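Enquirer: Below is the file start-v6.cif, which contains mmCIF, C-alpha atoms.
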```cif
data_my_file
loop_
_atom_site.label_atom_id
_atom_site.label_comp_id
_atom_site.auth_asym_id
_atom_site.auth_seq_id
_atom_site.Cartn_x
_atom_site.Cartn_y
_atom_site.Cartn_z
CA MET A 9 -35.67 -35.02 22.16
CA ARG A 10 -32.22 -34.48 20.61
CA ILE A 11 -29.79 -31.96 22.10
CA PRO A 12 -26.99 -30.55 19.91
CA CYS A 13 -23.96 -30.67 22.22
CA PRO A 14 -21.36 -28.19 20.95
CA HIS A 15 -18.60 -30.66 21.90
CA CYS A 16 -20.06 -34.08 20.98
CA GLY A 17 -22.68 -33.34 18.33
CA GLU A 18 -26.37 -34.15 18.48
CA ARG A 19 -27.30 -36.65 21.21
CA GLY A 20 -30.46 -38.05 22.80
CA ASN A 21 -31.69 -36.36 25.96
CA GLU A 22 -31.16 -39.58 27.95
CA GLU A 23 -27.41 -38.71 27.97
CA PHE A 24 -28.12 -35.46 29.82
CA PHE A 25 -29.17 -34.38 33.31
CA TYR A 26 -31.58 -31.42 33.57
CA LEU A 27 -30.91 -28.91 36.35
CA GLY A 28 -33.40 -26.08 35.73
CA ALA A 29 -33.57 -22.48 34.63
CA ALA A 30 -30.25 -20.99 33.52
CA ASP A 31 -31.12 -17.42 34.37
CA LEU A 32 -31.78 -17.65 38.13
CA THR A 33 -29.79 -15.32 40.39
CA ARG A 34 -28.92 -16.73 43.79
CA PRO A 35 -29.51 -14.32 46.69
CA ALA A 36 -26.62 -13.19 48.88
CA ALA A 37 -25.90 -15.35 51.91
CA ASP A 38 -27.22 -12.63 54.23
CA ALA A 39 -30.37 -11.96 52.18
CA PRO A 40 -33.70 -11.95 54.03
CA ALA A 41 -35.72 -15.14 54.30
CA ASP A 42 -38.28 -13.81 51.78
CA ALA A 43 -35.59 -13.59 49.09
CA TRP A 44 -34.50 -17.19 49.75
CA HIS A 45 -38.11 -18.40 49.75
CA GLU A 46 -38.65 -16.71 46.37
CA TYR A 47 -35.43 -18.25 44.96
CA VAL A 48 -36.11 -21.80 46.19
CA TYR A 49 -39.87 -22.19 45.82
CA GLN A 50 -41.36 -19.54 43.53
CA ARG A 51 -40.39 -20.54 40.00
CA GLU A 52 -41.85 -19.36 36.72
CA ASN A 53 -43.53 -21.81 34.35
CA PRO A 54 -42.44 -20.30 31.03
CA PHE A 55 -44.44 -20.63 27.84
CA GLY A 56 -42.16 -20.48 24.81
CA PRO A 57 -38.37 -20.15 24.56
CA HIS A 58 -36.61 -20.77 27.87
CA LYS A 59 -32.90 -21.07 28.81
CA GLU A 60 -32.12 -24.20 30.82
CA LEU A 61 -29.01 -25.82 32.31
CA TRP A 62 -28.25 -29.36 31.12
CA HIS A 63 -25.24 -31.49 32.10
CA HIS A 64 -23.91 -33.88 29.43
CA LEU A 65 -23.43 -36.63 31.98
CA ASN A 66 -22.85 -39.53 29.56
CA GLY A 67 -20.72 -37.55 27.13
CA CYS A 68 -18.26 -34.68 27.52
CA ARG A 69 -19.50 -33.99 31.09
CA ARG A 70 -19.84 -30.27 30.34
CA TRP A 71 -22.66 -27.97 31.46
CA LEU A 72 -24.70 -26.50 28.61
CA VAL A 73 -27.18 -23.65 28.36
CA VAL A 74 -29.95 -25.02 26.14
CA THR A 75 -32.65 -22.74 24.79
CA ARG A 76 -35.80 -24.87 24.44
CA ASP A 77 -39.32 -23.97 23.38
CA THR A 78 -41.46 -25.34 26.22
CA ARG A 79 -44.52 -25.58 23.97
CA THR A 80 -42.96 -27.97 21.44
CA HIS A 81 -39.69 -29.14 23.12
CA THR A 82 -37.83 -27.84 20.06
CA ILE A 83 -34.20 -27.05 20.83
CA ILE A 84 -33.40 -23.57 19.53
CA ALA A 85 -29.76 -23.32 20.63
CA ALA A 86 -27.15 -24.96 22.84
CA ALA A 87 -23.91 -23.45 24.11
CA ASP A 88 -21.22 -24.29 26.66
CA ALA A 89 -22.31 -22.82 29.99
CA ALA A 90 -18.78 -21.58 30.80
CA GLY A 91 -18.83 -19.29 27.78
CA ALA A 92 -22.45 -18.27 28.28
CA ARG A 93 -21.87 -17.06 31.85
CA ALA A 94 -18.81 -14.96 31.03
#
```
Translate this file's structure into structure tokens.
Expert:
Amino acid sequence: MRIPCPHCGERGNEEFFYLGAADLTRPAADAPADAWHEYVYQRENPFGPHKELWHHLNGCRRWLVVTRDTRTHTIIAAADAAGARA
């Protein structure tokens, strides 16, 4: 799989570290235990386009939001995570 880093160009996925879903919202520190259980253990298994966080560990060392089709592993888009979160 090739990931188009917006800073370094297209690179192989072996240069990156996968973190997980980019659209998770962390509960407040004083949230009930059920909210934390849901956040930590109950994850969706998406079918189709999915936003994920990838760290370009062996390159620019930036976090990226990569939109990947989970059916085919086709990369649809990649953007710097700092700009995507703003």
Enquirer: Atom CA of A:Tyr26 to atom CA of A:Ile83: how many Å, to one decimal?
Expert: 13.7 Å
Enquirer: Might you spell out which residues the PyMOL selection byres ((chain A and resi 89) around 8) would select in the displayed file, as a ChimeraX atom specification?
Expert: /A:61,70-73,87-88,90-93
Enquirer: Grab the atom CA of A:Thr82 to atom CA of A:Cys68 distance for me, in Å with one decimal place.
Expert: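 Separation between atom CA of A:Thr82 and atom CA of A:Cys68: 22.0 Å.
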Enquirer: Expanded to explicit residues, what is the PyMOL selection byres ((chain A and resi 21) around 7) for this file, as a PyMOL selection string?
Expert: chain A and resi 9-11+19-20+22-24
Enquirer: Just want the 8 Å neighbourhood of stretch 43-60 of chain A, counted on all atoms listed in the file, with same-chain residues fewer than 4 positions away dropped. Output as a list in words.
Expert: Tyr26, Leu27, Gly28, Ala29, Ala30, Asp31, Leu32, Thr33, Arg34, Pro35, Ala39, Val73, Val74, Thr75, Arg76, Asp77, Thr78, Arg79 and Ile84 of chain A
Enquirer: Kindly give the distance, in Å, that separates atom CA of A:Cys13 and atom CA of A:Ala86, rounded to a single decimal.
Expert: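 One can read the atom CA of A:Cys13 to atom CA of A:Ala86 distance as 6.6 Å.
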Enquirer: Let me have the centre and edge lengths in Å, one decimal, of the box along x, y and z around every listed atom of stretch 39-52 of chain A with 4 Å of margin on each side, as JSON.
Expert:
```
{"center_x": -36.1, "center_y": -17.1, "center_z": 45.5, "size_x": 19.5, "size_y": 18.2, "size_z": 25.6}
```
Enquirer: Which residue gives the smallest distance to A:Trp62 among A:Ala41, A:Gly17, A:Pro12, A:Phe25, with all atoms listed in the file counted?
Expert: A:Phe25
